[in-house]
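Q: Provided herewith: run_37.cif, mmCIF, C-alpha atoms and all ligand atoms.
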```cif
data_run
#
loop_
_atom_site.label_atom_id
_atom_site.label_comp_id
_atom_site.auth_asym_id
_atom_site.auth_seq_id
_atom_site.Cartn_x
_atom_site.Cartn_y
_atom_site.Cartn_z
CA MET A 23 127.08 102.08 88.70
CA GLY A 24 128.18 104.84 91.08
CA LYS A 25 128.81 104.54 94.79
CA ILE A 26 126.32 103.27 97.36
CA LEU A 27 125.60 105.52 100.34
CA VAL A 28 124.15 104.01 103.52
CA ILE A 29 122.58 106.62 105.81
CA GLY A 30 122.11 105.57 109.42
CA ALA A 31 124.96 103.07 109.14
CA ALA A 32 125.66 102.87 112.87
CA GLY A 33 122.27 101.32 113.67
CA GLN A 34 121.21 97.69 113.97
CA ILE A 35 120.37 97.22 110.27
CA GLY A 36 122.86 99.77 108.91
CA THR A 37 125.90 98.07 110.41
CA GLU A 38 125.14 94.68 108.89
CA LEU A 39 123.95 96.15 105.62
CA VAL A 40 127.22 98.06 105.11
CA LEU A 41 129.25 94.89 105.74
CA ALA A 42 127.08 92.87 103.34
CA LEU A 43 127.16 95.55 100.62
CA GLU A 44 130.95 95.74 100.93
CA LYS A 45 131.12 91.98 100.36
CA GLU A 46 128.79 92.23 97.37
CA TYR A 47 130.19 95.33 95.64
CA GLY A 48 133.66 95.88 97.16
CA LYS A 49 134.66 98.20 100.00
CA SER A 50 135.59 101.07 97.71
CA ASN A 51 132.02 101.25 96.35
CA VAL A 52 130.25 101.62 99.70
CA ILE A 53 130.11 104.72 101.90
CA ALA A 54 128.80 104.33 105.44
CA SER A 55 127.38 107.46 107.04
CA ASP A 56 125.73 108.32 110.30
CA VAL A 57 125.11 111.42 112.38
CA LYS A 58 127.73 110.14 114.86
CA PRO A 59 131.12 111.88 114.42
CA GLU A 60 133.14 108.65 114.46
CA PRO A 61 132.43 105.15 113.10
CA THR A 62 131.38 102.42 115.49
CA VAL A 63 133.84 99.56 116.11
CA ALA A 64 132.13 97.30 113.55
CA LEU A 65 132.57 99.96 110.84
CA ARG A 66 136.09 101.07 111.62
CA GLU A 67 137.46 99.52 108.40
CA SER A 68 134.66 101.04 106.26
CA ASN A 69 134.64 104.32 104.31
CA TYR A 70 132.86 106.41 106.89
CA LEU A 71 131.60 109.96 107.00
CA SER A 72 129.54 111.88 109.48
CA LEU A 73 126.32 113.11 107.85
CA ASP A 74 123.00 114.44 109.12
CA VAL A 75 120.27 113.36 106.69
CA MET A 76 118.21 116.40 107.68
CA ASN A 77 120.91 118.65 106.22
CA ALA A 78 119.85 118.61 102.54
CA GLU A 79 122.84 120.70 101.41
CA ALA A 80 125.39 118.43 103.07
CA LEU A 81 123.64 115.40 101.59
CA ASP A 82 123.68 116.96 98.11
CA ARG A 83 127.40 117.72 98.50
CA VAL A 84 128.24 114.14 99.51
CA VAL A 85 126.25 112.71 96.59
CA LYS A 86 128.11 114.96 94.12
CA GLU A 87 131.55 114.59 95.65
CA TYR A 88 131.50 110.79 95.84
CA GLY A 89 129.43 110.06 92.73
CA VAL A 90 126.63 108.33 94.66
CA SER A 91 123.98 106.55 92.57
CA GLU A 92 122.12 104.53 95.24
CA ILE A 93 121.03 105.46 98.75
CA PHE A 94 119.89 103.12 101.51
CA LEU A 95 118.17 105.41 104.03
CA LEU A 96 118.04 103.79 107.46
CA ALA A 97 118.19 106.79 109.79
CA ALA A 98 114.96 106.87 111.82
CA LEU A 99 113.57 106.91 115.33
CA LEU A 100 111.92 103.54 116.11
CA SER A 101 108.55 102.90 117.75
CA ALA A 102 109.34 103.14 121.47
CA THR A 103 111.76 106.09 121.26
CA ALA A 104 109.45 107.94 118.87
CA GLU A 105 106.61 107.82 121.42
CA LYS A 106 108.87 109.71 123.85
CA ASN A 107 109.84 112.36 121.31
CA PRO A 108 107.04 112.61 118.72
CA ASP A 109 108.05 115.98 117.23
CA PHE A 110 111.62 114.98 116.55
CA ALA A 111 110.57 111.51 115.34
CA TRP A 112 108.23 113.00 112.76
CA LYS A 113 110.90 115.52 111.67
CA LEU A 114 113.69 112.97 111.29
CA ASN A 115 111.58 110.21 109.73
CA MET A 116 109.90 112.49 107.18
CA GLU A 117 112.49 115.17 106.41
CA GLY A 118 115.19 112.56 105.90
CA LEU A 119 112.97 110.73 103.43
CA PHE A 120 112.06 113.89 101.50
CA ASN A 121 115.72 114.94 101.24
CA VAL A 122 116.59 111.59 99.67
CA LEU A 123 113.48 111.33 97.46
CA ASN A 124 114.13 114.85 96.15
CA LEU A 125 117.65 113.85 95.07
CA ALA A 126 116.10 110.98 93.07
CA ARG A 127 113.37 113.25 91.65
CA ASP A 128 116.06 115.68 90.46
CA LYS A 129 117.93 112.71 88.86
CA LYS A 130 120.99 113.18 91.08
CA ILE A 131 120.74 109.54 92.20
CA GLU A 132 119.21 106.49 90.49
CA LYS A 133 117.77 104.28 93.20
CA VAL A 134 116.56 104.52 96.79
CA PHE A 135 115.94 101.90 99.49
CA TRP A 136 113.76 103.06 102.36
CA PRO A 137 112.53 100.70 105.09
CA SER A 138 108.96 100.60 106.26
CA SER A 139 107.74 98.41 109.12
CA ILE A 140 104.94 96.24 110.47
CA ALA A 141 104.20 99.41 112.49
CA VAL A 142 102.13 100.69 109.52
CA PHE A 143 99.40 98.34 110.75
CA GLY A 144 97.14 99.10 113.68
CA PRO A 145 94.52 97.59 115.98
CA THR A 146 91.88 97.45 113.22
CA THR A 147 94.15 95.45 110.87
CA PRO A 148 93.49 91.69 110.57
CA LYS A 149 96.04 90.21 112.96
CA ASP A 150 96.86 86.82 111.46
CA MET A 151 98.59 86.51 108.11
CA THR A 152 98.08 90.24 107.64
CA PRO A 153 97.60 90.85 103.89
CA GLN A 154 99.66 93.23 101.76
CA CYS A 155 96.67 95.50 101.18
CA THR A 156 94.43 95.89 104.18
CA ILE A 157 93.17 98.35 106.77
CA MET A 158 96.02 100.47 108.09
CA GLU A 159 95.27 102.71 111.04
CA PRO A 160 98.56 102.93 112.94
CA THR A 161 98.42 104.34 116.46
CA THR A 162 102.11 105.19 117.00
CA VAL A 163 104.09 108.18 115.74
CA TYR A 164 106.53 105.78 114.15
CA GLY A 165 103.73 103.88 112.41
CA ILE A 166 102.13 107.10 111.16
CA SER A 167 105.50 108.26 109.78
CA LYS A 168 106.09 104.91 108.05
CA GLN A 169 102.60 104.83 106.56
CA SER A 170 102.93 108.40 105.28
CA GLY A 171 106.42 107.60 104.01
CA GLU A 172 105.05 104.66 102.04
CA GLN A 173 102.48 106.88 100.36
CA TRP A 174 105.14 109.48 99.53
CA CYS A 175 107.39 106.80 98.01
CA ASN A 176 104.51 105.64 95.84
CA TYR A 177 103.71 109.24 94.87
CA TYR A 178 107.33 110.02 93.88
CA HIS A 179 107.40 106.82 91.84
CA ARG A 180 104.18 107.60 89.95
CA LYS A 181 104.76 111.32 89.53
CA TYR A 182 108.53 111.53 88.98
CA ASP A 183 109.44 107.93 88.06
CA VAL A 184 111.62 107.67 91.18
CA ASP A 185 112.96 104.12 91.58
CA VAL A 186 112.28 103.70 95.29
CA ARG A 187 111.97 100.24 96.82
CA SER A 188 110.81 99.29 100.28
CA ILE A 189 110.18 96.44 102.69
CA ARG A 190 107.99 96.38 105.80
CA TYR A 191 110.53 94.92 108.23
CA PRO A 192 109.30 92.79 111.11
CA GLY A 193 111.30 92.80 114.38
CA LEU A 194 114.93 92.03 113.55
CA ILE A 195 117.21 89.76 115.55
CA SER A 196 120.97 90.15 115.31
CA TYR A 197 124.19 90.12 117.32
CA THR A 198 126.59 92.51 115.54
CA SER A 199 125.02 95.66 116.93
CA LEU A 200 122.23 96.40 119.36
CA PRO A 201 118.75 97.52 118.32
CA GLY A 202 117.79 100.99 119.49
CA GLY A 203 114.39 101.93 120.79
CA GLY A 204 112.01 99.43 119.19
CA THR A 205 109.13 97.43 120.66
CA THR A 206 110.56 94.18 119.28
CA ASP A 207 113.94 94.79 121.01
CA TYR A 208 113.08 92.27 123.75
CA ALA A 209 113.84 89.49 121.25
CA VAL A 210 117.47 90.65 121.18
CA ASP A 211 117.85 91.80 124.82
CA ILE A 212 116.75 88.39 126.05
CA PHE A 213 119.90 86.71 124.64
CA TYR A 214 122.29 89.07 126.45
CA HIS A 215 120.50 88.54 129.74
CA ALA A 216 120.29 84.79 129.18
CA LYS A 217 124.03 84.65 128.61
CA ARG A 218 124.90 86.96 131.48
CA SER A 219 122.53 85.93 134.28
CA ASN A 220 120.29 83.18 132.91
CA ARG A 221 117.28 85.38 133.69
CA TYR A 222 115.25 87.97 131.81
CA THR A 223 112.42 90.31 132.73
CA CYS A 224 110.41 90.87 129.57
CA PHE A 225 108.58 94.15 128.92
CA LEU A 226 105.94 92.33 126.79
CA SER A 227 103.51 89.73 128.10
CA GLU A 228 104.17 86.04 127.54
CA ASN A 229 101.59 85.50 124.79
CA THR A 230 102.31 88.57 122.65
CA ALA A 231 102.95 87.12 119.18
CA LEU A 232 104.89 89.35 116.77
CA PRO A 233 106.45 88.89 113.31
CA MET A 234 110.24 88.56 113.58
CA MET A 235 113.20 87.84 111.33
CA TYR A 236 116.86 86.88 111.66
CA MET A 237 119.02 89.74 110.39
CA GLU A 238 120.76 87.74 107.68
CA ASP A 239 117.37 87.12 106.04
CA ALA A 240 116.50 90.82 106.26
CA ILE A 241 119.80 91.88 104.69
CA ARG A 242 119.43 89.31 101.92
CA ALA A 243 115.90 90.58 101.21
CA THR A 244 117.14 94.18 101.13
CA ILE A 245 119.90 93.46 98.63
CA GLN A 246 117.61 91.18 96.61
CA ILE A 247 114.85 93.77 96.19
CA MET A 248 117.42 96.39 95.17
CA GLN A 249 119.02 94.06 92.59
CA SER A 250 115.72 92.95 91.04
CA PRO A 251 114.80 94.26 87.57
CA LYS A 252 112.77 97.45 87.85
CA GLU A 253 109.71 95.93 86.19
CA ASN A 254 109.51 93.20 88.88
CA ILE A 255 108.93 95.78 91.61
CA LYS A 256 105.20 96.18 91.27
CA ILE A 257 104.53 97.59 94.73
CA ARG A 258 105.99 101.03 95.34
CA THR A 259 104.55 101.63 98.78
CA SER A 260 106.31 98.79 100.61
CA TYR A 261 106.34 94.98 100.54
CA ASN A 262 105.12 92.78 103.40
CA LEU A 263 107.96 90.48 104.47
CA ALA A 264 107.58 87.51 106.80
CA GLY A 265 110.14 85.46 108.64
CA MET A 266 108.95 83.70 111.77
CA SER A 267 106.35 84.57 114.36
CA PHE A 268 106.69 83.87 118.07
CA THR A 269 105.74 84.98 121.57
CA PRO A 270 108.16 85.77 124.44
CA LYS A 271 107.09 82.46 125.99
CA LEU A 272 108.01 80.47 122.87
CA LEU A 273 111.34 82.27 122.57
CA ALA A 274 112.13 81.61 126.23
CA GLU A 275 111.34 77.90 125.72
CA ALA A 276 113.65 77.74 122.71
CA ILE A 277 116.44 79.36 124.76
CA LYS A 278 115.79 76.97 127.65
CA GLU A 279 116.43 74.01 125.35
CA ARG A 280 120.02 75.24 125.03
CA LEU A 281 120.41 76.91 128.46
CA PRO A 282 118.38 74.64 130.75
CA GLY A 283 118.51 76.94 133.81
CA PHE A 284 117.11 79.95 131.94
CA GLY A 285 114.13 81.69 133.53
CA ILE A 286 111.85 84.51 132.37
CA ASN A 287 109.39 86.76 134.14
CA TYR A 288 107.17 89.54 132.84
CA ALA A 289 106.77 93.22 133.74
CA THR A 290 104.94 94.96 130.90
CA ASP A 291 105.32 98.67 130.18
CA PHE A 292 104.06 101.17 127.56
CA ARG A 293 105.48 99.00 124.78
CA GLN A 294 102.79 96.37 125.42
CA GLU A 295 100.13 98.64 123.93
CA ILE A 296 102.28 99.19 120.83
CA ALA A 297 102.84 95.44 120.41
CA ASP A 298 99.11 94.76 120.90
CA SER A 299 98.36 97.04 117.94
CA TRP A 300 100.64 95.13 115.56
CA PRO A 301 100.02 91.91 113.60
CA ASN A 302 100.81 88.42 114.90
CA SER A 303 101.97 87.18 111.50
CA ILE A 304 102.39 88.47 107.94
CA ASP A 305 101.40 87.28 104.46
CA ASP A 306 104.33 88.03 102.13
CA GLN A 307 103.09 86.32 98.96
CA ASP A 308 103.69 89.44 96.83
CA ALA A 309 107.38 89.60 97.76
CA LYS A 310 107.66 85.89 96.90
CA ASN A 311 105.89 86.32 93.56
CA ASP A 312 107.44 89.61 92.43
CA TRP A 313 111.11 89.25 93.37
CA GLY A 314 111.55 85.69 94.58
CA TRP A 315 111.78 86.25 98.34
CA SER A 316 112.03 83.25 100.66
CA MET A 317 113.13 83.10 104.29
CA SER A 318 115.91 80.81 105.58
CA TYR A 319 116.12 81.12 109.38
CA ASP A 320 113.46 79.75 111.72
CA LEU A 321 113.26 80.19 115.49
CA SER A 322 115.50 77.27 116.36
CA ALA A 323 118.27 78.33 113.92
CA THR A 324 118.03 81.92 115.16
CA VAL A 325 118.34 80.95 118.82
CA LYS A 326 121.34 78.71 118.10
CA LEU A 327 123.18 81.44 116.16
CA MET A 328 122.38 84.15 118.70
CA LEU A 329 123.59 82.13 121.68
CA GLU A 330 126.76 81.13 119.83
CA ASN A 331 127.65 84.60 118.59
CA ILE A 332 126.52 87.41 120.88
CA ASP A 333 129.25 89.52 122.34
CA GLU A 334 128.20 90.31 125.90
CA SER A 335 130.44 93.36 126.01
CA LEU A 336 128.06 95.15 123.59
CA MET A 337 125.45 95.47 126.32
C1 LIG W 1 110.27 98.53 116.29
O1 LIG W 1 110.01 97.67 117.16
O2 LIG W 1 109.98 99.71 116.40
C2 LIG W 1 110.95 98.06 115.03
C3 LIG W 1 109.97 97.77 113.95
C4 LIG W 1 109.10 96.58 114.05
O3 LIG W 1 109.89 98.50 113.00
N1 LIG W 1 111.78 96.93 115.29
#
```
Before we go any further, please render this structure as structure tokens.
A:
Amino acid sequence: MGKILVIGAAGQIGTELVLALEKEYGKSNVIASDVKPEPTVALRESNYLSLDVMNAEALDRVVKEYGVSEIFLLAALLSATAEKNPDFAWKLNMEGLFNVLNLARDKKIEKVFWPSSIAVFGPTTPKDMTPQCTIMEPTTVYGISKQSGEQWCNYYHRKYDVDVRSIRYPGLISYTSLPGGGTTDYAVDIFYHAKRSNRYTCFLSENTALPMMYMEDAIRATIQIMQSPKENIKIRTSYNLAGMSFTPKLLAEAIKERLPGFGINYATDFRQEIADSWPNSIDDQDAKNDWGWSMSYDLSATVKLMLENIDESLM
């Protein structure tokens, strides 16, 4: 096996994925890259290089120079930020994917991981226990880019035998690095505010249920799908993946059990409409059947770990 390249390593998932891959395969086999010129604090011990995924030539050079065989492509604009900059979101989310898929088509790399999202679903999708195959009419730029990306992954697999694997991530909760520009970010922000001032003003309404997952589960799923035998990966668009499902109200109550004085109030903004278009909960039976996925962290375990571990200086 050649080296593993993580693109978008400075982000919320990228940071933790690099650290987990280093543990699994050894530091010398993992290259962290991001468009940022310097590594973030969490990645200062990693092999880091500055790389813009939209620069196909630079990407090709890195793959050759370092003998890369697997790419995890995490660079993307998330749902809330993408709504503010639709042109750039479409360019980054699609061009980055094509540049990586083309390397695999031309047999310069062997395997690709590309994340999709619950954002592929829309207001006409069944909301509870959303099935793997169902109506998908996303209303956000991010969702449209993820849905198109899924179809392109499937196309490259069928047409060019590209080994691309993908998961539809729910909202992810973690403390090593901050999320950037998503609709589910409230479920991370709330912990920093709870720790700092015991109060939080939530940008989603109290009964907005969304699928969520503790980061360690998401990282384990990502490594697990990539390590599974090729023939087990039967879905080449992207797999539904479920962790827990909760509302801001339920999360606030779980925090209150550990921080009794905690209080929450609500002031919704444009992200409410995005959240309203997404599922409440997800059916991930195919991921369970095909590559043995199962979640470990529920709401109570997540809240405990977050309150114990967040570093307030990050915010
Ligand atoms: C977002 O909120 O945009 C992301 C996602 C669900 O893909 N966290």
Q: So, with all atoms listed in the file as the atoms that count, which of A:Lys278, A:Lys168, A:Lys133, A:Lys271 lies closest to Ala216 of chain A?
A: A:Lys278
Q: With only C-alpha atoms as the basis for distance, which of A:Ser318, A:Asn287, A:Asn121, A:Ser196 is at the shortest distance from Ile29 of chain A?
A: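 Of A:Ser318, A:Asn287, A:Asn121, A:Ser196, the one nearest Ile29 of chain A is A:Asn121, counting only C-alpha atoms.
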Q: Give me, as a VMD selection string, the set of residues whose atoms come within 8 Å of any atom of ligand LIG 1 (chain W), counting only C-alpha atoms and all ligand atoms.
A: chain A and resid 100 to 102 138 to 141 164 190 to 194 201 203 to 207
Q: So which one's closest to Thr230 of chain A, A:Ile195, A:Ile286, A:Leu200, A:Trp300? Using only C-alpha atoms, please.
A: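 Under the stated criterion, the closest residue is A:Trp300.
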Q: One number please: atom CA of Ser72 of chain A to atom CA of Ala97 of chain A, in Å, one decimal.
A: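 Taking atom CA of Ser72 of chain A and atom CA of Ala97 of chain A, their separation equals 12.4 Å.
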Q: For Gly33 of chain A, find every residue with an atom within 12 Å (counting only C-alpha atoms), except residues of its own chain fewer than 6 positions away, and show them as a PyMOL selection string.
A: chain A and resi 39-40+54-58+61-65+95-100+194+196-204
Q: Generate a file of the selected residues that holds C-alpha atoms, formatted as a CSV table (one decimal), keeping the file's coordinate frame.
A:
```
chain,number,residue,atom,x,y,z
A,39,LEU,CA,124.0,96.2,105.6
A,40,VAL,CA,127.2,98.1,105.1
A,54,ALA,CA,128.8,104.3,105.4
A,55,SER,CA,127.4,107.5,107.0
A,56,ASP,CA,125.7,108.3,110.3
A,57,VAL,CA,125.1,111.4,112.4
A,58,LYS,CA,127.7,110.1,114.9
A,61,PRO,CA,132.4,105.2,113.1
A,62,THR,CA,131.4,102.4,115.5
A,63,VAL,CA,133.8,99.6,116.1
A,64,ALA,CA,132.1,97.3,113.6
A,65,LEU,CA,132.6,100.0,110.8
A,95,LEU,CA,118.2,105.4,104.0
A,96,LEU,CA,118.0,103.8,107.5
A,97,ALA,CA,118.2,106.8,109.8
A,98,ALA,CA,115.0,106.9,111.8
A,99,LEU,CA,113.6,106.9,115.3
A,100,LEU,CA,111.9,103.5,116.1
A,194,LEU,CA,114.9,92.0,113.6
A,196,SER,CA,121.0,90.2,115.3
A,197,TYR,CA,124.2,90.1,117.3
A,198,THR,CA,126.6,92.5,115.5
A,199,SER,CA,125.0,95.7,116.9
A,200,LEU,CA,122.2,96.4,119.4
A,201,PRO,CA,118.8,97.5,118.3
A,202,GLY,CA,117.8,101.0,119.5
A,203,GLY,CA,114.4,101.9,120.8
A,204,GLY,CA,112.0,99.4,119.2
```
Q: Would you mind telling me which residue in A:Phe225, A:Trp315, A:Phe268, A:Tyr70 lies nearest to Asn254 of chain A when using only C-alpha atoms?
A: A:Trp315
Q: Of the candidates A:Glu275, A:Glu117, A:Asp333, A:Glu105, which one gets nearest to Gly171 of chain A if we count only C-alpha atoms?
A: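 Looking at the shortest contact to Gly171 of chain A, the residue is A:Glu117.
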Q: Could you tell me how far atom CA of Ile255 of chain A sits from atom CA of Ile93 of chain A, in Å to one decimal place?
A: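 Spanning atom CA of Ile93 of chain A to atom CA of Ile255 of chain A is a straight-line distance of 17.1 Å.
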Q: Quick check, in Å to one decimal: how far apart do atom CA of Met235 of chain A and atom CA of Gly265 of chain A lie?
A: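 The value is 4.7 Å.
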Q: Please determine, counting only C-alpha atoms, which residue among A:Arg258, A:Arg242, A:Lys149, A:Arg280 has the shortest atom-to-atom distance to Ile304 of chain A.
A: A:Lys149
Q: Give as a compact mmCIF listing (two decimals) with C-alpha atoms, keeping the file's coordinate frame the set of residues within 10 Å of the point (107.1, 86.0, 126.5), where distances use the file's coordinates and only C-alpha atoms.
A:
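This went into point18.txt:
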```txt
# COMPACT_ATOMS: atom_id res chain seq x y z
CA TYR A 208 113.08 92.27 123.75
CA ALA A 209 113.84 89.49 121.25
CA ILE A 212 116.75 88.39 126.05
CA TYR A 222 115.25 87.97 131.81
CA THR A 223 112.42 90.31 132.73
CA CYS A 224 110.41 90.87 129.57
CA PHE A 225 108.58 94.15 128.92
CA LEU A 226 105.94 92.33 126.79
CA SER A 227 103.51 89.73 128.10
CA GLU A 228 104.17 86.04 127.54
CA ASN A 229 101.59 85.50 124.79
CA THR A 230 102.31 88.57 122.65
CA ALA A 231 102.95 87.12 119.18
CA PHE A 268 106.69 83.87 118.07
CA THR A 269 105.74 84.98 121.57
CA PRO A 270 108.16 85.77 124.44
CA LYS A 271 107.09 82.46 125.99
CA LEU A 272 108.01 80.47 122.87
CA LEU A 273 111.34 82.27 122.57
CA ALA A 274 112.13 81.61 126.23
CA GLU A 275 111.34 77.90 125.72
CA ILE A 286 111.85 84.51 132.37
CA ASN A 287 109.39 86.76 134.14
CA TYR A 288 107.17 89.54 132.84
```
Q: Report as a PDB file with C-alpha atoms, in the frame of the given file all protein, DNA and RNA residues lying within 12 Å of Asp320 of chain A, evaluated on only C-alpha atoms, omitting residues in the same chain fewer than 2 positions from it.
A:
```pdb
ATOM      1  CA  ILE A 195     117.210  89.760 115.550  1.00  0.00           C
ATOM      2  CA  PRO A 233     106.450  88.890 113.310  1.00  0.00           C
ATOM      3  CA  MET A 234     110.240  88.560 113.580  1.00  0.00           C
ATOM      4  CA  MET A 235     113.200  87.840 111.330  1.00  0.00           C
ATOM      5  CA  TYR A 236     116.860  86.880 111.660  1.00  0.00           C
ATOM      6  CA  MET A 237     119.020  89.740 110.390  1.00  0.00           C
ATOM      7  CA  GLU A 238     120.760  87.740 107.680  1.00  0.00           C
ATOM      8  CA  ASP A 239     117.370  87.120 106.040  1.00  0.00           C
ATOM      9  CA  ALA A 264     107.580  87.510 106.800  1.00  0.00           C
ATOM     10  CA  GLY A 265     110.140  85.460 108.640  1.00  0.00           C
ATOM     11  CA  MET A 266     108.950  83.700 111.770  1.00  0.00           C
ATOM     12  CA  SER A 267     106.350  84.570 114.360  1.00  0.00           C
ATOM     13  CA  PHE A 268     106.690  83.870 118.070  1.00  0.00           C
ATOM     14  CA  LEU A 273     111.340  82.270 122.570  1.00  0.00           C
ATOM     15  CA  ALA A 276     113.650  77.740 122.710  1.00  0.00           C
ATOM     16  CA  SER A 316     112.030  83.250 100.660  1.00  0.00           C
ATOM     17  CA  MET A 317     113.130  83.100 104.290  1.00  0.00           C
ATOM     18  CA  SER A 318     115.910  80.810 105.580  1.00  0.00           C
ATOM     19  CA  SER A 322     115.500  77.270 116.360  1.00  0.00           C
ATOM     20  CA  ALA A 323     118.270  78.330 113.920  1.00  0.00           C
ATOM     21  CA  THR A 324     118.030  81.920 115.160  1.00  0.00           C
ATOM     22  CA  VAL A 325     118.340  80.950 118.820  1.00  0.00           C
ATOM     23  CA  LYS A 326     121.340  78.710 118.100  1.00  0.00           C
ATOM     24  CA  LEU A 327     123.180  81.440 116.160  1.00  0.00           C
TER      25      LEU A 327
END
```
Q: What's the 9 Å shell around Cys175 of chain A, counting only C-alpha atoms, without same-chain residues fewer than 4 positions away, as an MDAnalysis selection string?
A: chainID A and resid 119 123 136 170:171 179:180 184:188 258:260
